[in-house]
Amino acid sequence: MALERSDYLSDVWREGIFNDKVVFCTGGNGTICSAQVRAMVHLGANACIVGRNVDKTESMAKSLMTARQGSEVLGIGSVDVRNAESLNQAVERCVKELGGIDFCIVGAAGNFLSPLSQLSANAFKSVIDIDVLGSYNTVKAVLPHLVKSASTSTSGPGGGRLVFVSATIHYTGAPLQTHAVVAKAGVDALSANVAIEYGPRGLTSNVIAPGPIAGTEGMERLGRSEDREANMKRIPAGRWGTVKEVADATVWLFSDAANFVNGSVVVVDGGAWRTNRMA
Ligand code: HXC
């Protein structure tokens with residue numbers, strides 16, 4: 001089904017604001033990250049998404065290209081963010097074929113529900129490796145290109161920006177998700193450190209922390225259906241969020257309107273985490 005602009009982007013944004021920019025995204029097959037990239041492509045950017053599954057990644061890239069006529073979206077499969085070498089190769093291919101990297105969405109993550117008592121060291125490590133080491137590998141691979149973008153951008157929004165996709169579960173803790181709670185705290189800390197170390201070179205690094213977003217894998221697989229109605233009532237906004245609302249926050253962080261926003265966490269959850277709700 002073809003998506004309309006109103007499905008993934010607010011009409012407050014101006015077409016063409018990301019012309020000549022390139023966004024690199026890990027986890028680009030996911031519901032949230034694909035909406036983020038689709039919004040950027042719609043507004044002028046070209047994109048490269050990487051994922052573990054070849055077919056899914058290539059087919060998502062084709063779908064993302066429909067967001068704007070003439071856009072280029074590269075889908076590179078067989079990339080596991082835990083493997084620095086495969087990531088480096090994808091980054092090099094992106095730079096070669098699309099001309100550079102101006103923005104990066106660090107989105108790849110892994111999660112499942114497991115009581116701590118049954119969580120094996122390898123299961124814990126797998127999620128830490130995907131979320132924390134994978135984010136580190138991504139940052140290391142794209143940083144030289146972001147630095148270059150920040151120092152050479154002459155038109156449109158300045159380049160050299162990172163957005164990490166985190167969560168809110170580590171603000172309060174979340175039963176059955178020890179691995180992800182620890183991992184997301186690490187992702188937030190990584191972003192903050194990049195912000196202070198690379199801010200002087202013109203980069204910004206920020207986190208988007210989505211709360212309960214309808215239609216996402218996190219909600220479908222991790223939210224317990226019997227808790228859903230009760231949980232929704234405890235969200236101050238009184239509803240689940242949409243991927244479009246996460247995409248809008250992403251566009252804002254990559255736009256000139258957020259030039260002085262660095263080392264921040266933008267929580268997109270309708271106020272949910274403040275009610276200490278599970279979802
Ligand atoms: C307990 C599990 C498990 C489960 C895997 N393991 N699934 N333990 N319950 N459901 C254990 C395995 O038994 C094994 O430990 C270890 O984890 C590694 O398993 P593999 O299958 O070899 O791992 P791998 O292929 O590396 O897969 C990574 C994964 C998997 C994270 C474990 O779930 C995955 O690929 N998921 C798809 C991506 C994903 O989860 N996306 C969700 C994004 S949502 P042993 O000891 O047996 O060797 C999200 C939202 C966060 O991130 C915020 C939520 C609110």
# chains A, B, ... in the order shown; residues from 1 in each chain; ligands from 1
$ closest_atom_pairs --of "chain A" --to "ligand 1" --cutoff "10 Å" --atoms "only C-alpha atoms and all ligand atoms" --output "Markdown table"
| residue | atom | partner | partner_atom_place_in_ligand_line | distance |
| --- | --- | --- | --- | --- |
| A:Gly27 | CA | ligand 1 | 41 (N) | 8.6 |
| A:Gly30 | CA | ligand 1 | 43 (C) | 7.7 |
| A:Thr31 | CA | ligand 1 | 43 (C) | 9.4 |
| A:Ile32 | CA | ligand 1 | 44 (S) | 9.4 |
| A:Arg52 | CA | ligand 1 | 35 (O) | 9.0 |
| A:Asp80 | CA | ligand 1 | 26 (O) | 9.0 |
| A:Arg82 | CA | ligand 1 | 26 (O) | 9.0 |
| A:Gly107 | CA | ligand 1 | 52 (O) | 8.6 |
| A:Ala108 | CA | ligand 1 | 43 (C) | 7.4 |
| A:Ala109 | CA | ligand 1 | 52 (O) | 4.6 |
| A:Gly110 | CA | ligand 1 | 40 (O) | 3.4 |
| A:Asn111 | CA | ligand 1 | 40 (O) | 4.0 |
| A:Phe112 | CA | ligand 1 | 10 (N) | 4.8 |
| A:Leu113 | CA | ligand 1 | 9 (N) | 5.8 |
| A:Ser114 | CA | ligand 1 | 9 (N) | 5.1 |
| A:Pro115 | CA | ligand 1 | 1 (C) | 8.2 |
| A:Leu116 | CA | ligand 1 | 1 (C) | 9.4 |
| A:Gln118 | CA | ligand 1 | 1 (C) | 7.1 |
| A:Leu119 | CA | ligand 1 | 1 (C) | 5.9 |
| A:Ser120 | CA | ligand 1 | 46 (O) | 4.6 |
| A:Ala121 | CA | ligand 1 | 46 (O) | 6.2 |
| A:Asn122 | CA | ligand 1 | 46 (O) | 4.6 |
| A:Ala123 | CA | ligand 1 | 17 (O) | 3.2 |
| A:Phe124 | CA | ligand 1 | 17 (O) | 6.8 |
| A:Lys125 | CA | ligand 1 | 16 (C) | 7.6 |
| A:Ser126 | CA | ligand 1 | 18 (C) | 5.4 |
| A:Val127 | CA | ligand 1 | 31 (C) | 5.2 |
| A:Ile128 | CA | ligand 1 | 31 (C) | 8.9 |
| A:Asp129 | CA | ligand 1 | 26 (O) | 8.6 |
| A:Ile130 | CA | ligand 1 | 31 (C) | 7.2 |
| A:Asp131 | CA | ligand 1 | 52 (O) | 8.2 |
| A:Val165 | CA | ligand 1 | 52 (O) | 8.9 |
| A:Ser166 | CA | ligand 1 | 53 (C) | 7.1 |
| A:Ala167 | CA | ligand 1 | 53 (C) | 5.1 |
| A:Thr168 | CA | ligand 1 | 55 (C) | 7.0 |
| A:Ile169 | CA | ligand 1 | 55 (C) | 5.9 |
| A:His170 | CA | ligand 1 | 53 (C) | 9.2 |
| A:Ala174 | CA | ligand 1 | 55 (C) | 8.4 |
| A:Leu176 | CA | ligand 1 | 9 (N) | 9.4 |
| A:Gln177 | CA | ligand 1 | 54 (C) | 8.0 |
| A:His179 | CA | ligand 1 | 31 (C) | 9.6 |
| A:Ala180 | CA | ligand 1 | 51 (C) | 6.4 |
| A:Val181 | CA | ligand 1 | 53 (C) | 8.0 |
| A:Ala183 | CA | ligand 1 | 51 (C) | 9.3 |
| A:Lys184 | CA | ligand 1 | 51 (C) | 7.8 |
| A:Ala209 | CA | ligand 1 | 53 (C) | 8.9 |
| A:Pro210 | CA | ligand 1 | 53 (C) | 8.1 |
| A:Gly211 | CA | ligand 1 | 55 (C) | 6.9 |
| A:Pro212 | CA | ligand 1 | 55 (C) | 7.1 |
| A:Ile213 | CA | ligand 1 | 55 (C) | 9.2 |
| A:Thr216 | CA | ligand 1 | 44 (S) | 7.6 |
| A:Glu217 | CA | ligand 1 | 44 (S) | 5.5 |
| A:Gly218 | CA | ligand 1 | 44 (S) | 4.0 |
| A:Met219 | CA | ligand 1 | 55 (C) | 7.1 |
| A:Glu220 | CA | ligand 1 | 44 (S) | 9.2 |
| A:Arg221 | CA | ligand 1 | 44 (S) | 8.1 |
| A:Leu222 | CA | ligand 1 | 54 (C) | 6.8 |
| A:Gly223 | CA | ligand 1 | 55 (C) | 7.9 |
| A:Met278 | CA | ligand 1 | 55 (C) | 8.7 |
| A:Ala279 | CA | ligand 1 | 55 (C) | 6.7 |
$ write_last_selection --atoms "C-alpha atoms" --output "mmCIF file, in the first residue's frame"
data_model
loop_
_atom_site.group_PDB
_atom_site.id
_atom_site.type_symbol
_atom_site.label_atom_id
_atom_site.label_comp_id
_atom_site.auth_asym_id
_atom_site.auth_seq_id
_atom_site.Cartn_x
_atom_site.Cartn_y
_atom_site.Cartn_z
ATOM 1 C CA GLY A 27 17.859 -0.711 11.712
ATOM 2 C CA GLY A 30 12.119 -1.319 11.436
ATOM 3 C CA THR A 31 8.798 0.458 11.635
ATOM 4 C CA ILE A 32 10.194 3.483 13.467
ATOM 5 C CA ARG A 52 20.728 -8.051 8.584
ATOM 6 C CA ASP A 80 25.139 -6.920 11.470
ATOM 7 C CA ARG A 82 27.966 -6.132 15.902
ATOM 8 C CA GLY A 107 18.479 2.645 15.200
ATOM 9 C CA ALA A 108 19.423 -1.036 15.223
ATOM 10 C CA ALA A 109 18.314 -2.752 18.434
ATOM 11 C CA GLY A 110 17.415 -6.156 19.785
ATOM 12 C CA ASN A 111 15.002 -7.110 22.516
ATOM 13 C CA PHE A 112 12.811 -9.864 23.940
ATOM 14 C CA LEU A 113 11.067 -10.531 27.215
ATOM 15 C CA SER A 114 12.835 -12.691 29.756
ATOM 16 C CA PRO A 115 12.858 -12.897 33.549
ATOM 17 C CA LEU A 116 16.301 -12.103 34.900
ATOM 18 C CA GLN A 118 16.249 -17.161 33.014
ATOM 19 C CA LEU A 119 18.338 -14.624 31.129
ATOM 20 C CA SER A 120 21.573 -16.324 30.076
ATOM 21 C CA ALA A 121 24.840 -14.415 29.963
ATOM 22 C CA ASN A 122 24.830 -14.898 26.195
ATOM 23 C CA ALA A 123 21.286 -13.538 25.851
ATOM 24 C CA PHE A 124 22.224 -10.485 27.932
ATOM 25 C CA LYS A 125 25.403 -10.025 25.930
ATOM 26 C CA SER A 126 23.567 -10.363 22.608
ATOM 27 C CA VAL A 127 21.367 -7.365 23.346
ATOM 28 C CA ILE A 128 24.216 -5.314 24.833
ATOM 29 C CA ASP A 129 26.267 -6.131 21.737
ATOM 30 C CA ILE A 130 23.526 -5.110 19.291
ATOM 31 C CA ASP A 131 22.491 -1.940 21.128
ATOM 32 C CA VAL A 165 16.811 5.758 18.809
ATOM 33 C CA SER A 166 16.638 4.765 22.458
ATOM 34 C CA ALA A 167 13.689 4.146 24.798
ATOM 35 C CA THR A 168 12.302 5.252 28.149
ATOM 36 C CA ILE A 169 12.439 1.868 29.894
ATOM 37 C CA HIS A 170 15.673 2.653 31.734
ATOM 38 C CA ALA A 174 11.036 -2.498 33.161
ATOM 39 C CA LEU A 176 11.559 -8.779 31.951
ATOM 40 C CA GLN A 177 13.860 -6.366 30.101
ATOM 41 C CA HIS A 179 19.163 -6.574 29.085
ATOM 42 C CA ALA A 180 17.413 -3.779 27.135
ATOM 43 C CA VAL A 181 17.214 -1.447 30.140
ATOM 44 C CA ALA A 183 21.612 -1.398 26.884
ATOM 45 C CA LYS A 184 19.466 1.696 26.361
ATOM 46 C CA ALA A 209 13.267 8.093 23.162
ATOM 47 C CA PRO A 210 10.014 6.764 21.765
ATOM 48 C CA GLY A 211 7.402 5.566 24.232
ATOM 49 C CA PRO A 212 4.524 3.279 23.258
ATOM 50 C CA ILE A 213 4.237 3.739 19.501
ATOM 51 C CA THR A 216 5.900 -1.166 16.160
ATOM 52 C CA GLU A 217 7.683 -4.440 16.872
ATOM 53 C CA GLY A 218 8.384 -3.206 20.380
ATOM 54 C CA MET A 219 4.656 -2.833 21.042
ATOM 55 C CA GLU A 220 3.482 -5.950 19.209
ATOM 56 C CA ARG A 221 6.061 -8.336 20.594
ATOM 57 C CA LEU A 222 6.962 -6.818 23.948
ATOM 58 C CA GLY A 223 3.740 -5.252 25.160
ATOM 59 C CA MET A 278 4.507 -0.671 31.688
ATOM 60 C CA ALA A 279 4.118 -1.033 27.928
#
$ residues_around --residues "A:Asn193" --least-positions-apart "4" --cutoff "9 Å" --atoms "only C-alpha atoms" --output "PyMOL selection string"
chain A and resi 188-189+197-198+205+263
$ residues_around --residues "A:Glu4" --least-positions-apart "4" --cutoff "10 Å" --atoms "only C-alpha atoms" --output "list in words"
Tyr8, Leu9, Thr66 and Ala67 of chain A
$ residues_around --residues "A:Gly241" --least-positions-apart "3" --cutoff "10 Å" --atoms "only C-alpha atoms" --output "list of chain:residue names"
A:Pro210, A:Gly211, A:Pro212, A:Ile213, A:Ala214, A:Gly215, A:Ala237, A:Gly238, A:Lys244, A:Glu245, A:Val246, A:Val268, A:Asp269, A:Gly270, A:Ala272
$ atom_distance --atom1 "atom CA of A:Thr138" --atom2 "atom CA of A:Thr57"
17.2 Å
$ decode --residues "stretch 17-28 of chain A" --atoms "C-alpha atoms" --output "PDB file, in the first residue's frame"
ATOM      1  CA  ILE A  17      15.030  21.320   3.219  1.00  0.00           C
ATOM      2  CA  PHE A  18      17.331  18.296   3.057  1.00  0.00           C
ATOM      3  CA  ASN A  19      18.267  18.590  -0.616  1.00  0.00           C
ATOM      4  CA  ASP A  20      21.819  17.316  -1.294  1.00  0.00           C
ATOM      5  CA  LYS A  21      22.021  15.633   2.125  1.00  0.00           C
ATOM      6  CA  VAL A  22      22.560  11.961   2.823  1.00  0.00           C
ATOM      7  CA  VAL A  23      21.214  10.075   5.815  1.00  0.00           C
ATOM      8  CA  PHE A  24      22.710   6.743   6.899  1.00  0.00           C
ATOM      9  CA  CYS A  25      20.498   4.543   9.078  1.00  0.00           C
ATOM     10  CA  THR A  26      20.989   1.268  10.930  1.00  0.00           C
ATOM     11  CA  GLY A  27      17.859  -0.711  11.712  1.00  0.00           C
ATOM     12  CA  GLY A  28      16.267   0.877   8.664  1.00  0.00           C
TER      13      GLY A  28
END
